[in-house]
Amino acid sequence: MEHGRTDTFDIEAQPSLHLLETDSTSRSELLSAIVNYGEVFLNTLQERKAYEHSAHERKGTDDFFEIDQARYSIEDILPFLAQRLDVPGINTASGGHMGYIPGGGIYESALGDYLAAVTNRYAGVFFASPGAVRMENALIRWAARLIGYTDSFAGNLTSGGSMANLIAVSTAREAQNIKSRQVDQSVIYTTQQAHHSLQKAIRLCGLEECVLRFVEQDLQYKMVPQALEAQIQEDITNGLKPFLIIANAGSTDIGTVDPLDDIAHIARKYSLWFHVDAAYGGFFMLTDYGRQIMKGIEKADSVILDPHKGLFLPYGSGIVLVKEQRHLAQANRYEANYMQDTKDYHEETSPAELSPELSKHFRGMRMWLPLKLHGTAPFRSCLEEKLDLARYLHARLKDLGFEVGPYPTLTTVIFRHVPNEQNANACNTALVKAIHKDGRIFVSSTSLKGHVYLRASILSFRTHRREVDLLIQILEKERALLETQP
Ligand SMILES: *Cc1c(COP(=O)(O)O)cnc(C)c1O
């Protein structure tokens, strides 16, 4: 108006203008093309490889990823995606995916994301969408009660475990009042099994110069509580300030669960913050077995879980829980003039007050919809099945003469072939490569005490006996080939 422009700017008079609002017919066509694509993908999953090795060969074929000025139709786009997106690399939707920590990605979550994005509800602040915030808080309450928190807890739905660990570490730092000048005398305790996202979190929180103690582990790679306590006492005697213990409830490498109850006791005795990384193990609290092995988790000051692992959601879902809401609020407090309208609405706490994020994906819907549609029972049965499958795999591999790691605490089995003459590490590296080349099942590898181990992590909701038997069959075949051609 300032320049008298609006009077002459008439949208209707510009037929060449392509507007972003799509009409109902086009929407239906787009949607059905995409739904069809998803159906073809899901209906052919069993024939698809879990890992497609030959991904980087044809030059130029990926140019279509670049954004140019042109418009394309969905008929141009989907065949490209089918070839260049949904073939190369790891097929993480496949039941044959047993690398790292899988989850699968249940379909109802995709529909939840669809709903969340279509309505674009803003889940950051109660004032803006009381319903979205109520939904997310209900999920937090469910997860908190699952791990045994009772009343004054708080939490946040994050994009994954790494962000959840970051929030937990920053909360611990604030609650323990660690100021910059004290960082190099402050001590953090964990084990070599800790996930590397914690190292990132420590650095991002300005705690890189802390003293980081890797506490002794027993033969199952669990933290030894006596060693922890002795180290804390020694550090106090030497004038250091112990402030944080980080334990595993399911380490990524092999699924180790530390003795949480004993560690909680020590944390309380010396007034340290106790953080439990349950990104992998957390949802096993749905099972009786999980509740037994994770006894004491409810005493932790903070816990993280990864719904995109143990709840089988597609990537993009983590949870951080903090025992006392005030600590989480304290670590994320903010003031902004442009947020003043929202202040009087405090019926429920807003996610933005409890996390570094403000505008964010309404990620509650992708977790809420499947839990509502299925109920919680199938999630429990599915986790129980995975525990059985891991025990079965461990026993079968042992029978077949592989050297197996510890009996699986959760659902990860590590093993290696010990050859007669060749170098064992080179041989197992070759074995992993051969399995990747076959591609029907994907496993990853790790190193423990200088030995290369293969690891099969069974956590996709699509992994059943068929896939585990297929892995065993491939392993036997490839091992025999390695033995005959050194
Ligand atoms: C996967 C994992 C993480 C990291 O979580 P992301 O969701 O990948 O960011 C942290 N800790 C453990 C034990 C994990 O297994």
# chains A, B, ... in the order shown; residues from 1 in each chain; ligands from 1
$ residues_near_ligand --ligand "ligand 1" --cutoff "7 Å" --atoms "only C-alpha atoms and all ligand atoms" --output "list in words"
Ile101, Gly160, Gly161, Ser162, Met163, Ala194, His195, Ser197, Asn248, Gly250, Ser251, Thr252, Asp277, Ala278, Ala279, Tyr280, Asp306 and Gly318 of chain A
$ write_last_selection --atoms "N, CA and C atoms" --output "PDB file, in the first residue's frame"
ATOM      1  N   ILE A 101      20.726 -50.317  15.289  1.00  0.00           N
ATOM      2  CA  ILE A 101      19.506 -50.673  16.027  1.00  0.00           C
ATOM      3  C   ILE A 101      18.333 -50.376  15.099  1.00  0.00           C
ATOM      4  N   GLY A 160      15.007 -37.557  18.163  1.00  0.00           N
ATOM      5  CA  GLY A 160      15.700 -38.830  18.313  1.00  0.00           C
ATOM      6  C   GLY A 160      16.447 -38.889  19.621  1.00  0.00           C
ATOM      7  N   GLY A 161      17.207 -39.954  19.797  1.00  0.00           N
ATOM      8  CA  GLY A 161      17.930 -40.176  21.045  1.00  0.00           C
ATOM      9  C   GLY A 161      19.058 -39.177  21.258  1.00  0.00           C
ATOM     10  N   SER A 162      19.709 -38.766  20.178  1.00  0.00           N
ATOM     11  CA  SER A 162      20.842 -37.844  20.330  1.00  0.00           C
ATOM     12  C   SER A 162      20.376 -36.516  20.901  1.00  0.00           C
ATOM     13  N   MET A 163      19.271 -35.991  20.380  1.00  0.00           N
ATOM     14  CA  MET A 163      18.734 -34.731  20.901  1.00  0.00           C
ATOM     15  C   MET A 163      18.245 -34.920  22.338  1.00  0.00           C
ATOM     16  N   ALA A 194      29.122 -46.475  26.413  1.00  0.00           N
ATOM     17  CA  ALA A 194      28.244 -45.311  26.210  1.00  0.00           C
ATOM     18  C   ALA A 194      28.151 -44.943  24.732  1.00  0.00           C
ATOM     19  N   HIS A 195      26.988 -44.528  24.313  1.00  0.00           N
ATOM     20  CA  HIS A 195      26.765 -44.142  22.916  1.00  0.00           C
ATOM     21  C   HIS A 195      27.499 -42.844  22.596  1.00  0.00           C
ATOM     22  N   SER A 197      26.657 -40.352  20.983  1.00  0.00           N
ATOM     23  CA  SER A 197      25.851 -39.125  21.049  1.00  0.00           C
ATOM     24  C   SER A 197      26.047 -38.429  22.403  1.00  0.00           C
ATOM     25  N   ASN A 248      23.861 -47.223  30.948  1.00  0.00           N
ATOM     26  CA  ASN A 248      23.149 -47.785  29.801  1.00  0.00           C
ATOM     27  C   ASN A 248      21.986 -48.651  30.232  1.00  0.00           C
ATOM     28  N   GLY A 250      20.606 -50.827  27.845  1.00  0.00           N
ATOM     29  CA  GLY A 250      20.676 -51.326  26.479  1.00  0.00           C
ATOM     30  C   GLY A 250      21.732 -50.553  25.704  1.00  0.00           C
ATOM     31  N   SER A 251      22.989 -50.998  25.775  1.00  0.00           N
ATOM     32  CA  SER A 251      24.021 -50.302  24.998  1.00  0.00           C
ATOM     33  C   SER A 251      23.837 -50.662  23.527  1.00  0.00           C
ATOM     34  N   THR A 252      24.252 -49.761  22.668  1.00  0.00           N
ATOM     35  CA  THR A 252      24.075 -49.968  21.235  1.00  0.00           C
ATOM     36  C   THR A 252      24.877 -51.175  20.746  1.00  0.00           C
ATOM     37  N   ASP A 277      20.639 -43.876  29.672  1.00  0.00           N
ATOM     38  CA  ASP A 277      20.396 -43.903  28.236  1.00  0.00           C
ATOM     39  C   ASP A 277      19.654 -45.201  27.906  1.00  0.00           C
ATOM     40  N   ALA A 278      18.337 -45.085  27.785  1.00  0.00           N
ATOM     41  CA  ALA A 278      17.494 -46.246  27.471  1.00  0.00           C
ATOM     42  C   ALA A 278      16.945 -46.123  26.054  1.00  0.00           C
ATOM     43  N   ALA A 279      17.743 -45.494  25.167  1.00  0.00           N
ATOM     44  CA  ALA A 279      17.295 -45.324  23.776  1.00  0.00           C
ATOM     45  C   ALA A 279      16.930 -46.678  23.176  1.00  0.00           C
ATOM     46  N   TYR A 280      17.736 -47.663  23.463  1.00  0.00           N
ATOM     47  CA  TYR A 280      17.486 -49.001  22.927  1.00  0.00           C
ATOM     48  C   TYR A 280      16.560 -49.801  23.850  1.00  0.00           C
ATOM     49  N   ASP A 306      13.863 -44.183  22.708  1.00  0.00           N
ATOM     50  CA  ASP A 306      13.777 -43.944  21.268  1.00  0.00           C
ATOM     51  C   ASP A 306      12.606 -44.719  20.671  1.00  0.00           C
ATOM     52  N   GLY A 318      12.338 -39.398  19.432  1.00  0.00           N
ATOM     53  CA  GLY A 318      13.001 -39.712  20.695  1.00  0.00           C
ATOM     54  C   GLY A 318      12.203 -39.109  21.841  1.00  0.00           C
TER      55      GLY A 318
END
$ select_by_dssp --residues "stretch 52-91 of chain A" --states "helix (DSSP H, G or I)" --output "list in words"
Asp63, Phe64, Phe65, Ile74, Glu75, Asp76, Ile77, Leu78, Pro79, Phe80, Leu81, Ala82, Gln83 and Arg84 of chain A
$ residues_around --residues "A:Glu478" --least-positions-apart "4" --cutoff "7 Å" --atoms "only C-alpha atoms" --output "list in words"
Leu431, Ala434, Ile474 and Leu482 of chain A
$ closest_residue --among "A:Asn423, A:Ser159, A:Gln83, A:Asn36" --to "A:Leu313" --atoms "only C-alpha atoms"
A:Ser159
$ residues_around --residues "stretch 209-221 of chain A" --least-positions-apart "6" --cutoff "12 Å" --atoms "only C-alpha atoms" --output "MDAnalysis selection string"
chainID A and resid 173 178:194 198:199 202:203 227:232 234:235 240:259 263 405:409 414 448:449
$ atom_distance --atom1 "atom CA of A:Asn91" --atom2 "atom CA of A:Gln485"
29.9 Å
$ closest_atom_pairs --of "stretch 53-156 of chain A" --to "stretch 45-49 of chain A" --cutoff "12 Å" --atoms "only C-alpha atoms" --output "Markdown table"
| residue | atom | partner | partner_atom | distance |
| --- | --- | --- | --- | --- |
| A:His53 | CA | A:Lys49 | CA | 9.5 |
| A:Ser54 | CA | A:Lys49 | CA | 11.6 |
| A:Ala82 | CA | A:Arg48 | CA | 11.9 |
| A:Asp86 | CA | A:Arg48 | CA | 10.0 |
| A:Val87 | CA | A:Lys49 | CA | 8.3 |
| A:Pro88 | CA | A:Lys49 | CA | 9.6 |
| A:Gly89 | CA | A:Lys49 | CA | 9.5 |
| A:Ile90 | CA | A:Lys49 | CA | 8.4 |
| A:Asn91 | CA | A:Lys49 | CA | 7.0 |
| A:Thr92 | CA | A:Lys49 | CA | 10.1 |
| A:Ala93 | CA | A:Leu45 | CA | 7.9 |
| A:Ser94 | CA | A:Leu45 | CA | 6.2 |
| A:Gly95 | CA | A:Gln46 | CA | 7.8 |
| A:Gly96 | CA | A:Lys49 | CA | 7.7 |
| A:His97 | CA | A:Lys49 | CA | 9.1 |
| A:Gly104 | CA | A:Leu45 | CA | 11.4 |
$ write_last_selection --atoms "all heavy atoms" --output "compact mmCIF listing (two decimals), in the first residue's frame"
# COMPACT_ATOMS: atom_id res chain seq x y z
N HIS A 53 24.19 -53.03 -2.35
CA HIS A 53 25.60 -52.71 -2.34
C HIS A 53 25.99 -51.78 -3.49
O HIS A 53 26.69 -50.80 -3.30
CB HIS A 53 26.29 -54.07 -2.44
CG HIS A 53 27.76 -54.01 -2.51
ND1 HIS A 53 28.52 -53.66 -1.43
CD2 HIS A 53 28.60 -54.27 -3.53
CE1 HIS A 53 29.78 -53.72 -1.78
NE2 HIS A 53 29.87 -54.08 -3.04
N SER A 54 25.52 -52.07 -4.71
CA SER A 54 25.99 -51.37 -5.92
C SER A 54 25.29 -50.04 -6.10
O SER A 54 24.52 -49.84 -7.02
CB SER A 54 25.73 -52.24 -7.14
OG SER A 54 24.35 -52.55 -7.19
N ALA A 82 11.76 -44.55 -6.95
CA ALA A 82 11.78 -46.02 -6.85
C ALA A 82 13.18 -46.54 -7.16
O ALA A 82 13.65 -47.49 -6.52
CB ALA A 82 10.76 -46.62 -7.82
N ASP A 86 14.88 -45.52 -3.22
CA ASP A 86 14.44 -46.69 -2.47
C ASP A 86 15.14 -47.98 -2.84
O ASP A 86 14.69 -49.05 -2.44
CB ASP A 86 12.91 -46.80 -2.56
CG ASP A 86 12.27 -45.70 -1.72
OD1 ASP A 86 12.86 -45.34 -0.68
OD2 ASP A 86 11.21 -45.17 -2.11
N VAL A 87 16.25 -47.89 -3.57
CA VAL A 87 17.07 -49.09 -3.81
C VAL A 87 18.43 -49.01 -3.10
O VAL A 87 18.74 -49.87 -2.29
CB VAL A 87 17.20 -49.40 -5.32
CG1 VAL A 87 18.18 -50.55 -5.53
CG2 VAL A 87 15.84 -49.73 -5.92
N PRO A 88 19.24 -47.98 -3.39
CA PRO A 88 20.59 -48.01 -2.84
C PRO A 88 20.65 -47.88 -1.32
O PRO A 88 19.82 -47.20 -0.72
CB PRO A 88 21.27 -46.77 -3.48
CG PRO A 88 20.27 -46.10 -4.32
CD PRO A 88 18.96 -46.78 -4.20
N GLY A 89 21.63 -48.55 -0.74
CA GLY A 89 21.86 -48.43 0.71
C GLY A 89 21.07 -49.44 1.52
O GLY A 89 20.64 -50.48 1.01
N ILE A 90 20.87 -49.11 2.80
CA ILE A 90 20.17 -50.03 3.71
C ILE A 90 18.67 -49.82 3.57
O ILE A 90 18.19 -48.69 3.63
CB ILE A 90 20.57 -49.77 5.18
CG1 ILE A 90 22.09 -49.86 5.36
CG2 ILE A 90 19.88 -50.77 6.09
CD1 ILE A 90 22.56 -49.45 6.75
N ASN A 91 17.95 -50.89 3.39
CA ASN A 91 16.49 -50.82 3.37
C ASN A 91 16.00 -50.99 4.81
O ASN A 91 15.75 -52.10 5.27
CB ASN A 91 15.97 -51.93 2.46
CG ASN A 91 14.45 -51.92 2.35
OD1 ASN A 91 13.78 -51.13 3.01
ND2 ASN A 91 13.93 -52.80 1.54
N THR A 92 15.89 -49.87 5.50
CA THR A 92 15.60 -49.94 6.94
C THR A 92 14.16 -50.37 7.23
O THR A 92 13.85 -50.69 8.37
CB THR A 92 15.87 -48.59 7.63
OG1 THR A 92 15.10 -47.60 6.96
CG2 THR A 92 17.33 -48.22 7.56
N ALA A 93 13.32 -50.40 6.21
CA ALA A 93 11.95 -50.90 6.41
C ALA A 93 11.91 -52.43 6.35
O ALA A 93 10.92 -53.04 6.73
CB ALA A 93 11.03 -50.31 5.36
N SER A 94 13.00 -53.03 5.88
CA SER A 94 13.02 -54.48 5.67
C SER A 94 13.19 -55.25 6.98
O SER A 94 13.95 -54.83 7.86
CB SER A 94 14.18 -54.82 4.73
OG SER A 94 14.49 -56.19 4.79
N GLY A 95 12.52 -56.39 7.08
CA GLY A 95 12.72 -57.29 8.23
C GLY A 95 14.12 -57.89 8.22
O GLY A 95 14.57 -58.46 9.21
N GLY A 96 14.80 -57.78 7.08
CA GLY A 96 16.18 -58.28 6.98
C GLY A 96 17.20 -57.29 7.53
O GLY A 96 18.39 -57.59 7.56
N HIS A 97 16.76 -56.13 7.94
CA HIS A 97 17.68 -55.13 8.49
C HIS A 97 17.98 -55.44 9.95
O HIS A 97 17.11 -55.30 10.82
CB HIS A 97 17.07 -53.74 8.35
CG HIS A 97 17.89 -52.66 9.00
ND1 HIS A 97 19.25 -52.69 9.05
CD2 HIS A 97 17.51 -51.53 9.65
CE1 HIS A 97 19.70 -51.62 9.70
NE2 HIS A 97 18.66 -50.91 10.08
N GLY A 104 12.07 -50.40 11.97
CA GLY A 104 11.16 -50.79 10.90
C GLY A 104 10.36 -49.64 10.34
O GLY A 104 10.48 -49.27 9.19
$ select_by_dssp --residues "stretch 404-472 of chain A" --states "strand (DSSP E)" --output "list in words"
Val404, Thr412, Val413, Ile414, Phe415, Arg416, Ser444, Ser445, Thr446, Ser447, Leu448, His451, Val452, Tyr453, Leu454, Arg455, Ala456 and Ser457 of chain A
$ closest_atom_pairs --of "stretch 231-329 of chain A" --to "stretch 370-386 of chain A" --cutoff "12 Å" --atoms "only C-alpha atoms" --output "tab-separated table"
residue	atom	partner	partner_atom	distance
A:Tyr280	CA	A:Leu383	CA	11.6
A:Gly281	CA	A:Leu383	CA	10.3
A:Gly282	CA	A:Leu383	CA	11.1
A:Phe283	CA	A:Leu383	CA	8.3
A:Phe284	CA	A:Leu383	CA	6.7
A:Met285	CA	A:Arg380	CA	8.9
A:Leu286	CA	A:Arg380	CA	5.5
A:Thr287	CA	A:Arg380	CA	6.0
A:Asp288	CA	A:Glu384	CA	9.4
A:Tyr289	CA	A:Glu384	CA	8.7
A:Gly290	CA	A:Glu384	CA	9.5
A:Pro307	CA	A:Phe379	CA	11.1
A:Lys309	CA	A:Leu383	CA	10.7
A:Gly310	CA	A:Leu383	CA	7.5
A:Leu311	CA	A:Phe379	CA	6.8
A:Phe312	CA	A:Phe379	CA	8.5
A:Leu313	CA	A:Pro370	CA	8.9
A:Pro314	CA	A:Pro370	CA	11.5
$ write_last_selection --atoms "N, CA and C atoms" --output "PDB file, in the first residue's frame"
ATOM      1  N   TYR A 280      17.736 -47.663  23.463  1.00  0.00           N
ATOM      2  CA  TYR A 280      17.486 -49.001  22.927  1.00  0.00           C
ATOM      3  C   TYR A 280      16.560 -49.801  23.850  1.00  0.00           C
ATOM      4  N   GLY A 281      16.887 -49.835  25.144  1.00  0.00           N
ATOM      5  CA  GLY A 281      16.189 -50.755  26.042  1.00  0.00           C
ATOM      6  C   GLY A 281      14.855 -50.270  26.588  1.00  0.00           C
ATOM      7  N   GLY A 282      14.621 -48.952  26.557  1.00  0.00           N
ATOM      8  CA  GLY A 282      13.505 -48.357  27.291  1.00  0.00           C
ATOM      9  C   GLY A 282      12.152 -49.033  27.113  1.00  0.00           C
ATOM     10  N   PHE A 283      11.773 -49.305  25.862  1.00  0.00           N
ATOM     11  CA  PHE A 283      10.425 -49.850  25.660  1.00  0.00           C
ATOM     12  C   PHE A 283      10.301 -51.323  26.057  1.00  0.00           C
ATOM     13  N   PHE A 284      11.440 -51.965  26.372  1.00  0.00           N
ATOM     14  CA  PHE A 284      11.342 -53.321  26.925  1.00  0.00           C
ATOM     15  C   PHE A 284      10.715 -53.289  28.320  1.00  0.00           C
ATOM     16  N   MET A 285      10.545 -52.084  28.883  1.00  0.00           N
ATOM     17  CA  MET A 285       9.792 -51.943  30.135  1.00  0.00           C
ATOM     18  C   MET A 285       8.339 -52.391  29.948  1.00  0.00           C
ATOM     19  N   LEU A 286       7.907 -52.548  28.713  1.00  0.00           N
ATOM     20  CA  LEU A 286       6.569 -53.099  28.462  1.00  0.00           C
ATOM     21  C   LEU A 286       6.506 -54.584  28.825  1.00  0.00           C
ATOM     22  N   THR A 287       7.666 -55.242  28.893  1.00  0.00           N
ATOM     23  CA  THR A 287       7.683 -56.685  29.186  1.00  0.00           C
ATOM     24  C   THR A 287       8.084 -56.929  30.639  1.00  0.00           C
ATOM     25  N   ASP A 288       7.667 -58.078  31.192  1.00  0.00           N
ATOM     26  CA  ASP A 288       8.027 -58.426  32.579  1.00  0.00           C
ATOM     27  C   ASP A 288       9.539 -58.537  32.709  1.00  0.00           C
ATOM     28  N   TYR A 289      10.134 -59.195  31.715  1.00  0.00           N
ATOM     29  CA  TYR A 289      11.588 -59.384  31.723  1.00  0.00           C
ATOM     30  C   TYR A 289      12.314 -58.031  31.759  1.00  0.00           C
ATOM     31  N   GLY A 290      11.863 -57.104  30.918  1.00  0.00           N
ATOM     32  CA  GLY A 290      12.491 -55.785  30.856  1.00  0.00           C
ATOM     33  C   GLY A 290      12.412 -55.067  32.192  1.00  0.00           C
ATOM     34  N   PRO A 307      11.450 -44.059  20.519  1.00  0.00           N
ATOM     35  CA  PRO A 307      10.328 -44.760  19.883  1.00  0.00           C
ATOM     36  C   PRO A 307      10.658 -45.263  18.470  1.00  0.00           C
ATOM     37  N   LYS A 309      13.099 -46.894  17.750  1.00  0.00           N
ATOM     38  CA  LYS A 309      13.716 -48.210  17.924  1.00  0.00           C
ATOM     39  C   LYS A 309      12.652 -49.143  18.518  1.00  0.00           C
ATOM     40  N   GLY A 310      12.535 -49.131  19.844  1.00  0.00           N
ATOM     41  CA  GLY A 310      11.696 -50.127  20.513  1.00  0.00           C
ATOM     42  C   GLY A 310      10.197 -49.982  20.346  1.00  0.00           C
ATOM     43  N   LEU A 311       9.743 -48.904  19.713  1.00  0.00           N
ATOM     44  CA  LEU A 311       8.305 -48.779  19.459  1.00  0.00           C
ATOM     45  C   LEU A 311       8.042 -48.865  17.949  1.00  0.00           C
ATOM     46  N   PHE A 312       9.133 -49.139  17.186  1.00  0.00           N
ATOM     47  CA  PHE A 312       9.047 -49.439  15.747  1.00  0.00           C
ATOM     48  C   PHE A 312       8.566 -48.281  14.888  1.00  0.00           C
ATOM     49  N   LEU A 313       8.662 -47.066  15.405  1.00  0.00           N
ATOM     50  CA  LEU A 313       8.255 -45.906  14.610  1.00  0.00           C
ATOM     51  C   LEU A 313       9.288 -45.616  13.522  1.00  0.00           C
ATOM     52  N   PRO A 314       8.908 -44.906  12.469  1.00  0.00           N
ATOM     53  CA  PRO A 314       9.913 -44.458  11.509  1.00  0.00           C
ATOM     54  C   PRO A 314      10.840 -43.436  12.178  1.00  0.00           C
TER      55      PRO A 314
END
